[in-house]
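To start, the structure itself, in C-alpha cells.
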Amino acid sequence: MNSIANELTENKTGELKLYKELEFELVPGDNLSFVQQVADVKSERNALIKAAHGTTTLAFKFREGVLVATDSRATMGNVIASQEVKKVIEINDRLLGTMAGGAADCSYWGRVLGMECRLYQLRNKKLISVAAASKILANVVYRYKGSGLSMGMMVAGWDDKGPGLYYVDSDAQRLTNDLFSVGSGSTFAYGVLDAHYKYDMGLEEAKDLARRAIYHATHRDAYSGGIVRMYWVNKDGWVAYPLEDVSELYYQYHPEIEITNAADSPLTVNAA
C-alpha cells in the first residue's frame, strides 16, 4: 500500500491524481466486434477465449405441477470449483429459473429477470405469467446476441393458465415444452427421462424420476455432481425438498455393491 501511495501526488485543488506514466490497455475498437473475434461459447471454432462449462438441470410438467431438479457442481475446465452451487433461482413465490452455462452470466441475468418480474408485479398488482417472464428474458438477452454470453435457462412456474415451462438461451431462443434438460449431462438425463416420463404421474413418482435422471447424469458426466436439488411448483407456490448427495444415491440404486474396507480385503496376485 505504501508503494502505491507514494506514486500518488496531490494537485493544487487537493485531489489525488496518478502519474501520467500509469496507463491501462483498453479493448481496441468496438467491444462487441472484439468479443466476437476472440470468444467462442459453442466450441465451433478455435478461439482465444473458449467458455468451459458443465452442469445438469432438468424440469418437466406432470399431473400435479412442475418438477425442477439440478446438480450442484461448478467447474473451471477440468477443475471442480465447487460442489455446493445453487442452480435454482427463486424469482417469486410461483416462479423459478435454472442456471446452465457460465455461472456469472446465468446469475446476473437471473437477477435481472427477478427485478423485471418484481417491477411488473408492482405496476400491475399481480404476479407475472410464466410466458411473459420468459419473453422478457429472451428480449433482454437478444440485445447481446453474439457477444459471448453463455446461458441456458429454464423458466418454470404456475400462473392462471396452470403449469408453465420455457427454455431461453443466450441466443434469445425461446421454446416451450413439457420436458427440458440443459447442460453437459443432459444427454444422460434425457436417456432416463425419455424412457420413463409420462404426464400422468403422481408427485412421488415424479420426484423419483427427477432424482434418478440427475443421479445418472452425475454418474456419467464428469462436469456434473455434488447434490440433487429439487423443487415442486404447484398452484400454491413452490416447495423445496431436502438436498441429497449423489454419492449416497449410488449405493441406493446399486444395492448389490457393498462398501468394503481395502485393509480387510488385501489385493492378492497369482503367480504366473
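Ligands are numbered from 1 in the order shown, residues from 1 within each chain, and chains are lettered A, B, ... in the order they appear in the C-alpha cells.
The protein and nucleic acid residues lying at most 9 Å from Ile91 in chain A are Leu96, Gly97, Gly110, Arg111, Leu113, Gly114, Met115, Cys117 and Arg118 of chain A, with only C-alpha atoms considered and sequence neighbours fewer than 5 positions away removed.
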Query - Filtered DSSP result for range 115-165 of chain A, state alpha helix (DSSP H), as a PyMOL selection string - result: chain A and resi 115-124+130-142
Contact check, range 45-117 of chain A to range 236-240 of chain A, at most 9 Å, counting only C-alpha atoms, closest pairs as a tab-separated table:
residue	atom	partner	partner_atom	distance
A:Glu90	CA	A:Trp238	CA	9.0
A:Asn92	CA	A:Gly237	CA	8.9
A:Asp93	CA	A:Gly237	CA	5.5
A:Arg94	CA	A:Gly237	CA	4.5
A:Leu95	CA	A:Trp238	CA	7.6
A:Leu96	CA	A:Trp238	CA	8.1
Query raised in the report: Near range 243-257 of chain A, within 7 Å and counting only C-alpha atoms, which residues show up once chain neighbours fewer than 4 positions away are dropped, as a PyMOL selection string?
Result: chain A and resi 215+225-229
**Report entry** DSSP-assigned strand (DSSP E) among range 30-228 of chain A, expressed as a PyMOL selection string
**Finding:** chain A and resi 39-40+49-50+57-62+65-70+74-76+79-82+88-92+95-98+152-159+162-169+174-176+179-182+227-228
**Report entry** Within 8 Å of range 190-199 of chain A using only C-alpha atoms, minus same-chain residues under 2 positions, as a ChimeraX atom specification
**Finding:** /A:61-63,181,186-188,201,209-210,212-213,216
Residues as selected, all heavy atoms, written as a short mmCIF file (atom, residue, chain, number, x, y, z; two decimals), in the first residue's frame, can you do that?
data_model
loop_
_atom_site.label_atom_id
_atom_site.label_comp_id
_atom_site.auth_asym_id
_atom_site.auth_seq_id
_atom_site.Cartn_x
_atom_site.Cartn_y
_atom_site.Cartn_z
N LYS A 61 -43.20 -30.98 -16.75
CA LYS A 61 -44.57 -30.84 -16.26
C LYS A 61 -45.18 -32.21 -16.04
O LYS A 61 -44.90 -33.15 -16.79
CB LYS A 61 -45.41 -30.04 -17.25
CG LYS A 61 -44.98 -28.58 -17.38
CD LYS A 61 -46.01 -27.74 -18.13
CE LYS A 61 -46.00 -28.02 -19.61
NZ LYS A 61 -46.87 -27.08 -20.37
N PHE A 62 -46.01 -32.32 -15.03
CA PHE A 62 -46.74 -33.55 -14.78
C PHE A 62 -48.10 -33.20 -14.19
O PHE A 62 -48.46 -32.02 -14.13
CB PHE A 62 -45.95 -34.51 -13.89
CG PHE A 62 -45.76 -34.04 -12.47
CD1 PHE A 62 -46.43 -34.66 -11.43
CD2 PHE A 62 -44.90 -32.98 -12.18
CE1 PHE A 62 -46.26 -34.23 -10.12
CE2 PHE A 62 -44.74 -32.55 -10.87
CZ PHE A 62 -45.41 -33.18 -9.84
N ARG A 63 -48.83 -34.21 -13.80
CA ARG A 63 -50.22 -34.02 -13.42
C ARG A 63 -50.41 -33.00 -12.29
O ARG A 63 -51.40 -32.26 -12.26
CB ARG A 63 -50.80 -35.38 -12.98
CG ARG A 63 -52.28 -35.38 -12.66
CD ARG A 63 -52.70 -36.79 -12.25
NE ARG A 63 -52.04 -37.21 -11.03
CZ ARG A 63 -51.85 -38.48 -10.67
NH1 ARG A 63 -52.25 -39.46 -11.47
NH2 ARG A 63 -51.25 -38.78 -9.54
N SER A 181 -34.09 -30.68 -20.52
CA SER A 181 -32.87 -30.89 -19.75
C SER A 181 -31.76 -30.10 -20.43
O SER A 181 -31.63 -30.13 -21.65
CB SER A 181 -32.50 -32.37 -19.68
OG SER A 181 -31.35 -32.56 -18.86
N SER A 186 -27.02 -33.39 -19.89
CA SER A 186 -28.43 -33.50 -20.31
C SER A 186 -28.69 -34.73 -21.17
O SER A 186 -29.78 -35.28 -21.13
CB SER A 186 -28.86 -32.24 -21.06
OG SER A 186 -28.09 -32.05 -22.23
N THR A 187 -27.70 -35.16 -21.96
CA THR A 187 -27.91 -36.34 -22.80
C THR A 187 -28.17 -37.58 -21.95
O THR A 187 -29.00 -38.43 -22.30
CB THR A 187 -26.70 -36.57 -23.71
OG1 THR A 187 -25.51 -36.61 -22.93
CG2 THR A 187 -26.58 -35.47 -24.74
N PHE A 188 -27.45 -37.69 -20.83
CA PHE A 188 -27.66 -38.83 -19.93
C PHE A 188 -29.00 -38.70 -19.20
O PHE A 188 -29.71 -39.69 -19.00
CB PHE A 188 -26.51 -38.93 -18.94
CG PHE A 188 -25.16 -38.97 -19.58
CD1 PHE A 188 -24.32 -37.88 -19.53
CD2 PHE A 188 -24.73 -40.11 -20.27
CE1 PHE A 188 -23.07 -37.91 -20.15
CE2 PHE A 188 -23.49 -40.15 -20.87
CZ PHE A 188 -22.65 -39.05 -20.81
N MET A 201 -48.32 -38.65 -13.86
CA MET A 201 -47.55 -39.16 -12.73
C MET A 201 -47.99 -38.49 -11.44
O MET A 201 -48.42 -37.33 -11.45
CB MET A 201 -46.05 -38.89 -12.93
CG MET A 201 -45.35 -39.77 -13.92
SD MET A 201 -43.54 -39.53 -13.86
CE MET A 201 -43.42 -37.82 -14.40
N LEU A 209 -38.26 -39.93 -10.50
CA LEU A 209 -37.76 -39.83 -11.87
C LEU A 209 -36.72 -38.72 -11.98
O LEU A 209 -35.65 -38.92 -12.58
CB LEU A 209 -38.91 -39.56 -12.83
CG LEU A 209 -38.53 -39.32 -14.30
CD1 LEU A 209 -37.81 -40.52 -14.87
CD2 LEU A 209 -39.77 -38.99 -15.13
N ALA A 210 -37.00 -37.55 -11.41
CA ALA A 210 -36.05 -36.44 -11.46
C ALA A 210 -34.76 -36.79 -10.72
O ALA A 210 -33.65 -36.50 -11.19
CB ALA A 210 -36.68 -35.19 -10.85
N ARG A 212 -33.48 -39.79 -10.18
CA ARG A 212 -32.73 -40.79 -10.96
C ARG A 212 -32.05 -40.16 -12.17
O ARG A 212 -30.91 -40.49 -12.50
CB ARG A 212 -33.66 -41.92 -11.40
CG ARG A 212 -34.04 -42.91 -10.31
CD ARG A 212 -34.96 -43.99 -10.86
NE ARG A 212 -35.29 -44.97 -9.84
CZ ARG A 212 -34.56 -46.06 -9.58
NH1 ARG A 212 -33.48 -46.32 -10.32
NH2 ARG A 212 -34.90 -46.90 -8.64
N ALA A 213 -32.74 -39.25 -12.83
CA ALA A 213 -32.16 -38.62 -14.02
C ALA A 213 -30.93 -37.80 -13.66
O ALA A 213 -29.90 -37.87 -14.35
CB ALA A 213 -33.21 -37.75 -14.70
N HIS A 216 -28.00 -40.30 -12.63
CA HIS A 216 -27.35 -40.97 -13.76
C HIS A 216 -26.50 -39.99 -14.56
O HIS A 216 -25.44 -40.36 -15.09
CB HIS A 216 -28.38 -41.65 -14.64
CG HIS A 216 -28.88 -42.94 -14.08
ND1 HIS A 216 -28.13 -44.09 -14.06
CD2 HIS A 216 -30.07 -43.27 -13.51
CE1 HIS A 216 -28.81 -45.08 -13.51
NE2 HIS A 216 -30.00 -44.60 -13.16
#
Requested in this report: Take CA of Ala100 in chain A and CA of Gln121 in chain A and report the distance between them in Å, one decimal.
Outcome: 26.4 Å
Query raised in the report: Contacts of Arg143 in chain A at 10 Å or less, counting only C-alpha atoms, minus same-chain residues fewer than 3 places along, as a VMD selection string?
Result: chain A and resid 138 to 140 146 to 147 170 to 172
Report task. Find the residue from A:Gly183, A:Asp169, A:Glu204, A:Leu122 that sits nearest to Tyr144 in chain A; use only C-alpha atoms when measuring. Result ->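 For Tyr144 in chain A, the nearest of the candidates is A:Asp169.
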If you take only C-alpha atoms and a cut-off of 12 Å, which residues of range 199-226 of chain A touch range 72-76 of chain A, and what are their nearest atom pairs and distances in Å to one decimal, in chain and number order, as CSV?
residue,atom,partner,partner_atom,distance
A:Ile214,CA,A:Ser72,CA,10.3
A:Tyr215,CA,A:Ser72,CA,11.4
A:Ala217,CA,A:Arg73,CA,11.8
A:Thr218,CA,A:Arg73,CA,9.2
A:Asp221,CA,A:Arg73,CA,10.9
A:Ala222,CA,A:Thr75,CA,9.5
A:Tyr223,CA,A:Thr75,CA,6.5
A:Ser224,CA,A:Arg73,CA,5.5
A:Gly225,CA,A:Arg73,CA,5.1
A:Gly226,CA,A:Ser72,CA,5.1
Query raised in the report: Any idea what's packed within 12 Å of Val130 in chain A, counting only C-alpha atoms, ignoring anything in its chain fewer than 2 positions away? Could you give it as an NGL selection string?
Result: :A and (66 or 91-92 or 94-97 or 113 or 117 or 127-128 or 132-137 or 154-168 or 176 or 233)
Go ahead and dump the residues you just picked, C-alpha atoms, as a short mmCIF file (atom, residue, chain, number, x, y, z; two decimals), in the first residue's frame.
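For reference, part_8.cif as written:
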data_model
loop_
_atom_site.label_atom_id
_atom_site.label_comp_id
_atom_site.auth_asym_id
_atom_site.auth_seq_id
_atom_site.Cartn_x
_atom_site.Cartn_y
_atom_site.Cartn_z
CA VAL A 66 -43.77 -28.81 -12.50
CA ILE A 91 -37.77 -15.45 -8.86
CA ASN A 92 -41.01 -15.13 -6.91
CA ARG A 94 -44.59 -19.18 -8.07
CA LEU A 95 -41.70 -18.81 -10.49
CA LEU A 96 -38.28 -20.49 -10.66
CA GLY A 97 -35.32 -20.27 -13.02
CA LEU A 113 -35.24 -11.23 -14.63
CA CYS A 117 -40.78 -9.59 -12.63
CA LEU A 127 -47.73 -11.88 -10.48
CA ILE A 128 -46.28 -12.14 -13.96
CA ALA A 132 -44.30 -13.23 -20.07
CA ALA A 133 -41.32 -13.79 -17.77
CA SER A 134 -39.59 -15.99 -20.34
CA LYS A 135 -40.34 -13.44 -23.07
CA ILE A 136 -38.78 -10.65 -21.03
CA LEU A 137 -35.62 -12.71 -20.57
CA MET A 154 -35.38 -22.79 -17.88
CA VAL A 155 -38.24 -20.71 -16.51
CA ALA A 156 -40.80 -22.83 -14.67
CA GLY A 157 -43.84 -21.77 -12.71
CA TRP A 158 -47.59 -21.71 -12.20
CA ASP A 159 -49.95 -18.97 -13.37
CA ASP A 160 -53.61 -18.50 -14.33
CA LYS A 161 -53.19 -20.99 -17.18
CA GLY A 162 -51.69 -23.68 -14.96
CA PRO A 163 -48.13 -25.06 -15.03
CA GLY A 164 -45.71 -23.45 -17.48
CA LEU A 165 -42.22 -24.36 -18.67
CA TYR A 166 -39.95 -22.44 -21.07
CA TYR A 167 -36.34 -22.64 -22.21
CA VAL A 168 -34.36 -19.47 -23.04
CA THR A 176 -41.87 -24.30 -24.59
CA VAL A 233 -44.08 -25.93 -8.34
#
Report summary line: Atom pair CA of Ala69 in chain A + CA of Tyr231 in chain A, distance 6.4 Å
